[in-house]
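Undergrad: Please find one structure pasted underneath; my questions will follow.
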Amino acid sequence: MLVATDLVKRYGEIQALDGFTLSVAAGEIVGLLGHNGAGKTTFVEIVSHLIRPDGGRVTIDGKPPAAVRGQVGVAPQHIALYPSATVREHLELYGRLSGLRRAALRSAIEDLAAVLRLTELMDRRTGKLSGGQQRRAQAATALVHRPGLLLLDEPTAGADLETRQAMLDVVKQRAGEGAAVVYTTHYLPELTELQATIAVARDGRVIARGSYEELAKDLPGEVRVTLEGEEELRISTSDPAATLIDLLHHAERPISSVDVRNPSLDDLYRSLAVHDAP
Ligand SMILES: Nc1ncnc2c1ncn2[C@@H]1O[C@H](COP(=O)(O)OP(=O)(O)OP(=O)(O)O)[C@@H](O)[C@H]1O
């Protein structure tokens with residue numbers, strides 16, 4: 001669905017993208033991770049045709065971004081709503097721009113409002129909404145026309161738990177219907193819930209890409225064992241289950257507790273030293 005190859009973008013001395021390559025299939029949710037300044041937003045802006053790359057190529061369903069703007073739903077990182085327009089006016093505008101009319105437009109708006117808990121807020125001006133409410137309204141503008149490609153740049157930043165859950169539910173639902181989704185976040189548990197595949201960006205390029213299982217398979221897990229009367233023993237191991245069985249066989253004293261920890265998404269992220277980037 002989305003194919004971005006070798007994207008390059010410079011801002012003066014700053015190399016925002018330096019050979020950024022990422023493909024996303026229809027129905028796939030890609031969790032795009034990376035340190036502050038890794039290039040995630042720049043990538044989203046290029047795919048949504050807000051800025052042009054200095055090099056590289058993007059196609060969406062085989063066409064350039066300029067030709068398919070109506071098939072792309074974008075929720076930018078920063079709130080970009082018209083403060084004096086109501087939520088309903090925003091959704092009508094975005095729906096109409098993408099060709100929705102009359103009954104189809106009305107039902108798309110009402111359905112989405114219910115899912116994103118916006119029904120009570122529909123006739124309020126967006127400038128008077130709370131930060132989390134604005135974020136929900138902004139996400140709704142990206143979703144109302146059921147685009148084939150969704151670009152959601154930290155859609156749950158600052159959101160309360162209910163908003164976060166509503167957002168995750170609607171993203172999963174849209175991917176289930178066949179949308180390709182790029183979902184940037186710094187909140188890793190969301191990606192587990194979304195069953196997303198992972199792309200890790202560092203210094204303007206994607207340095208790791210695959211399912212969590214693929215990327216984590218070589219990472220060590222940990223077995224924690226406490227023998228009676230002794231302190232907890234922590235063993236780093238690539239095969240926690242086998243290590244635990246081995247320990248149970250060979251322990252010379254009774255074991256009072258065991259805990260097996262498989263590598264987490266957090267461990268994966270740390271192993272790529274993404275936190276250490278400038
Ligand atoms: N309009 C701009 N002018 C100059 N530099 C820019 C501009 N936009 C982005 N940059 C720089 O390009 C680099 C990549 O920024 P980008 O916003 O894409 O990162 P990001 O991965 O989205 O970061 P974050 O996690 O903080 O949102 C950064 O060094 C940033 O300062």
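Chain labels run A, B, ... following the order of the structure tokens; each chain numbers its residues from 1, and ligands are numbered from 1 in the order shown.
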Would you mind writing down, as a PyMOL selection string, each residue of stretch 40-272 of chain A that DSSP on the backbone assigns to alpha helix (DSSP H)?
TA: chain A and resi 40-47+87-97+102-115+131-143+161-176+189-193+212-216+240-250+265-271
Undergrad: Sort by chain and increasing residue number a table of all residues of chain A within 9 Å of ligand 1, each with its closest pair of atoms and their distance in Å to one decimal, counting only C-alpha atoms and all ligand atoms, and write it as CSV.
TA:
```
residue,atom,partner,partner_atom_place_in_ligand_line,distance
A:Lys9,CA,ligand 1,12 (O),8.2
A:Arg10,CA,ligand 1,12 (O),7.5
A:Tyr11,CA,ligand 1,4 (C),4.8
A:Gly12,CA,ligand 1,4 (C),7.3
A:Glu13,CA,ligand 1,5 (N),8.7
A:Ile14,CA,ligand 1,29 (O),6.0
A:Gln15,CA,ligand 1,12 (O),6.5
A:Ala16,CA,ligand 1,12 (O),3.9
A:Leu17,CA,ligand 1,14 (C),7.0
A:Leu33,CA,ligand 1,21 (O),8.0
A:Gly34,CA,ligand 1,21 (O),5.9
A:His35,CA,ligand 1,25 (O),5.5
A:Asn36,CA,ligand 1,26 (O),3.4
A:Gly37,CA,ligand 1,19 (O),3.3
A:Ala38,CA,ligand 1,21 (O),3.7
A:Gly39,CA,ligand 1,18 (O),3.2
A:Lys40,CA,ligand 1,21 (O),3.8
A:Thr41,CA,ligand 1,22 (O),3.6
A:Thr42,CA,ligand 1,18 (O),3.7
A:Phe43,CA,ligand 1,18 (O),6.4
A:Val44,CA,ligand 1,18 (O),8.0
A:Glu45,CA,ligand 1,18 (O),8.3
A:Gln77,CA,ligand 1,27 (O),7.3
A:Asp153,CA,ligand 1,22 (O),8.0
A:Glu154,CA,ligand 1,27 (O),8.0
A:Thr184,CA,ligand 1,22 (O),8.3
A:Thr185,CA,ligand 1,25 (O),7.9
A:His186,CA,ligand 1,25 (O),7.4
A:Ala201,CA,ligand 1,21 (O),7.5
A:Arg202,CA,ligand 1,21 (O),8.1
A:Asp203,CA,ligand 1,14 (C),7.9
A:Gly204,CA,ligand 1,14 (C),7.0
```
Undergrad: Take the residues just selected and output them with C-alpha atoms as a JSON list (two decimals), in the first residue's frame.
TA:
```json
[["chain", "number", "residue", "atom", "x", "y", "z"],
["A", 9, "LYS", "CA", 15.34, 15.51, 3.71],
["A", 10, "ARG", "CA", 17.68, 18.26, 4.83],
["A", 11, "TYR", "CA", 16.94, 21.42, 6.80],
["A", 12, "GLY", "CA", 20.15, 23.42, 6.32],
["A", 13, "GLU", "CA", 22.76, 21.58, 8.35],
["A", 14, "ILE", "CA", 20.21, 19.14, 9.81],
["A", 15, "GLN", "CA", 19.77, 15.80, 8.06],
["A", 16, "ALA", "CA", 16.19, 15.03, 9.07],
["A", 17, "LEU", "CA", 15.93, 11.95, 6.81],
["A", 33, "LEU", "CA", 9.36, 4.23, 17.12],
["A", 34, "GLY", "CA", 12.41, 6.41, 17.52],
["A", 35, "HIS", "CA", 14.12, 9.02, 19.63],
["A", 36, "ASN", "CA", 13.11, 12.69, 19.52],
["A", 37, "GLY", "CA", 14.37, 14.03, 16.20],
["A", 38, "ALA", "CA", 14.74, 10.59, 14.55],
["A", 39, "GLY", "CA", 12.68, 11.77, 11.56],
["A", 40, "LYS", "CA", 9.26, 10.22, 12.24],
["A", 41, "THR", "CA", 7.24, 13.40, 11.75],
["A", 42, "THR", "CA", 9.27, 14.40, 8.71],
["A", 43, "PHE", "CA", 8.44, 11.02, 7.17],
["A", 44, "VAL", "CA", 4.72, 11.48, 7.94],
["A", 45, "GLU", "CA", 4.80, 14.99, 6.43],
["A", 77, "GLN", "CA", 1.41, 15.54, 16.07],
["A", 153, "ASP", "CA", 1.54, 10.89, 14.66],
["A", 154, "GLU", "CA", 1.43, 10.31, 18.43],
["A", 184, "THR", "CA", 4.07, 6.79, 15.82],
["A", 185, "THR", "CA", 4.29, 6.64, 19.58],
["A", 186, "HIS", "CA", 6.68, 6.77, 22.50],
["A", 201, "ALA", "CA", 13.96, 4.95, 13.32],
["A", 202, "ARG", "CA", 17.28, 6.40, 14.34],
["A", 203, "ASP", "CA", 19.05, 9.41, 12.87],
["A", 204, "GLY", "CA", 16.80, 9.67, 9.81]]
```
Undergrad: Atom CA of A:Gly158 to atom CA of A:Thr21: how many Å, to one decimal?
TA: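 We find that atom CA of A:Gly158 and atom CA of A:Thr21 lie 28.9 Å from each other.
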Undergrad: Give me the residues within 12 Å of stretch 233-248 of chain A as a list in words, counting only C-alpha atoms and dropping any in the same chain fewer than 4 places off.
TA: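 Using only C-alpha atoms, the neighbours found are Ala216, Lys217, Asp218, Leu219, Pro220, Gly221, Glu222, Val223, Arg224, Val225, Thr226, Leu227, Glu228, Gly229, Glu252, Arg253, Pro254, Ile255, Ser256, Ser257, Val258, Asp259, Val260, Arg261, Asn262 and Pro263 of chain A.
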Undergrad: Can you tell me which residues surround stretch 124-130 of chain A at a distance of at most 8 Å, considering only C-alpha atoms, apart from same-chain residues fewer than 5 positions away, and format the answer as number ranges by chain?
TA: A: 81-87, 137
Undergrad: Could you take the residues named above and write them with C-alpha atoms, as a PDB file, in the first residue's frame?
TA:
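And here's selection_9.pdb as it stands now:
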```pdb
ATOM      1  CA  LEU A  81      -7.935  22.504  14.068  1.00  0.00           C
ATOM      2  CA  TYR A  82      -9.848  25.717  13.337  1.00  0.00           C
ATOM      3  CA  PRO A  83     -10.561  27.037  16.861  1.00  0.00           C
ATOM      4  CA  SER A  84     -13.787  28.853  15.924  1.00  0.00           C
ATOM      5  CA  ALA A  85     -15.320  25.890  14.040  1.00  0.00           C
ATOM      6  CA  THR A  86     -17.222  23.123  15.829  1.00  0.00           C
ATOM      7  CA  VAL A  87     -16.243  19.463  15.831  1.00  0.00           C
ATOM      8  CA  ALA A 137     -11.480  15.582  17.324  1.00  0.00           C
TER       9      ALA A 137
END
```
Undergrad: Write down as a PDB file with C-alpha atoms, in the first residue's frame the residues of stretch 88-258 of chain A whose backbone DSSP state falls under strand (DSSP E or B).
TA:
```
ATOM      1  CA  ARG A 125     -15.989  25.013  19.050  1.00  0.00           C
ATOM      2  CA  LEU A 149      -3.792   4.841   4.539  1.00  0.00           C
ATOM      3  CA  LEU A 150      -3.780   6.306   8.038  1.00  0.00           C
ATOM      4  CA  LEU A 151      -0.855   8.371   9.340  1.00  0.00           C
ATOM      5  CA  LEU A 152      -1.276   8.898  13.063  1.00  0.00           C
ATOM      6  CA  ASP A 153       1.537  10.887  14.660  1.00  0.00           C
ATOM      7  CA  ALA A 180      -2.629   0.490   6.217  1.00  0.00           C
ATOM      8  CA  VAL A 181      -1.633   2.369   9.380  1.00  0.00           C
ATOM      9  CA  VAL A 182       1.533   4.183  10.411  1.00  0.00           C
ATOM     10  CA  TYR A 183       1.313   4.829  14.135  1.00  0.00           C
ATOM     11  CA  THR A 184       4.074   6.791  15.816  1.00  0.00           C
ATOM     12  CA  THR A 197       4.675  -4.689  13.468  1.00  0.00           C
ATOM     13  CA  ILE A 198       7.594  -2.480  14.433  1.00  0.00           C
ATOM     14  CA  ALA A 199       9.837  -0.007  12.631  1.00  0.00           C
ATOM     15  CA  VAL A 200      12.560   1.674  14.655  1.00  0.00           C
ATOM     16  CA  ALA A 201      13.963   4.951  13.317  1.00  0.00           C
ATOM     17  CA  ARG A 202      17.281   6.396  14.336  1.00  0.00           C
ATOM     18  CA  ARG A 205      16.597   6.024   8.784  1.00  0.00           C
ATOM     19  CA  VAL A 206      14.816   2.829   9.752  1.00  0.00           C
ATOM     20  CA  ILE A 207      17.314   0.594  11.536  1.00  0.00           C
ATOM     21  CA  ALA A 208      15.017  -2.307  12.469  1.00  0.00           C
ATOM     22  CA  ARG A 209      11.793  -3.564  10.905  1.00  0.00           C
ATOM     23  CA  GLY A 210       9.684  -6.643  11.523  1.00  0.00           C
ATOM     24  CA  GLY A 221      15.214 -12.986  28.657  1.00  0.00           C
ATOM     25  CA  GLU A 222      15.687 -13.382  32.386  1.00  0.00           C
ATOM     26  CA  VAL A 223      15.028 -16.115  34.927  1.00  0.00           C
ATOM     27  CA  ARG A 224      14.805 -15.024  38.568  1.00  0.00           C
ATOM     28  CA  VAL A 225      15.103 -17.738  41.178  1.00  0.00           C
ATOM     29  CA  THR A 226      15.202 -17.571  44.949  1.00  0.00           C
ATOM     30  CA  LEU A 227      16.640 -20.607  46.749  1.00  0.00           C
ATOM     31  CA  GLU A 232      17.305 -13.730  44.404  1.00  0.00           C
ATOM     32  CA  LEU A 233      19.460 -15.008  41.541  1.00  0.00           C
ATOM     33  CA  ARG A 234      19.002 -13.339  38.129  1.00  0.00           C
ATOM     34  CA  ILE A 235      20.124 -15.231  35.033  1.00  0.00           C
ATOM     35  CA  SER A 236      20.118 -13.609  31.604  1.00  0.00           C
ATOM     36  CA  THR A 237      19.329 -16.277  28.988  1.00  0.00           C
ATOM     37  CA  ILE A 255      13.370 -23.147  45.486  1.00  0.00           C
ATOM     38  CA  SER A 256      11.040 -20.662  47.151  1.00  0.00           C
ATOM     39  CA  SER A 257      10.141 -18.587  44.079  1.00  0.00           C
ATOM     40  CA  VAL A 258      10.734 -18.400  40.325  1.00  0.00           C
TER      41      VAL A 258
END
```
Undergrad: Could you pull the residues within 8 Å of stretch 89-95 of chain A, counting only C-alpha atoms, minus those fewer than 2 positions along the same chain, as a list in words?
TA: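 Returned residues: Leu81, Tyr82, Ala85, Thr86, Val87, Leu97, Ser98, Gly99, Leu100, Arg101, Leu105, Ile109, Ala140, Thr141, Ala142, Val144 and His145 of chain A.
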Undergrad: So what do you get for atom CA of A:Ser23 versus atom CA of A:Leu2, distance-wise?
TA: 5.4 Å
Undergrad: Identify, on the basis of only C-alpha atoms, every residue whose closest approach to A:Asp266 does not exceed 10 Å; exclude the query and any residue fewer than 6 positions from it along the same chain; express the result as a list in words.
TA: Tyr187, Leu188 and Pro189 of chain A
Undergrad: Store the residues picked out above in a file with C-alpha atoms, as a CSV table (one decimal), in the first residue's frame.
TA:
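Output (out-v7.csv):
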```
chain,number,residue,atom,x,y,z
A,187,TYR,CA,4.3,4.6,24.5
A,188,LEU,CA,5.4,1.0,23.7
A,189,PRO,CA,2.6,-1.0,25.3
```
Undergrad: With only C-alpha atoms as the basis for distance, which of A:Ala104, A:Leu116, A:Leu143, A:Leu22 is at the shortest distance from A:Gly73?
TA: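 Comparing A:Ala104, A:Leu116, A:Leu143, A:Leu22 against A:Gly73, the winner is A:Leu143.
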Undergrad: Find the residue from A:Leu194, A:Ile79, A:Leu161, A:Leu268 that sits nearest to A:Ala139; use only C-alpha atoms when measuring.
TA: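 Among the listed residues, the smallest separation from A:Ala139 belongs to A:Ile79.
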Undergrad: Grab the atom CA of A:Val74 to atom CA of A:Ala4 distance for me, in Å with one decimal place.
TA: 16.4 Å
Undergrad: In terms of the shortest atom-to-atom distance over only C-alpha atoms, which of A:Ala196, A:Leu168, A:Val3, A:Leu112 is closest to A:Lys63?
TA: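 Between A:Ala196, A:Leu168, A:Val3, A:Leu112, the residue approaching A:Lys63 most closely is A:Val3.
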Undergrad: Rank A:Arg174, A:Arg146, A:Arg96, A:His249 by their smallest atom-to-atom distance to A:Val72, using only C-alpha atoms, and report the top residue only.
TA: A:Arg146
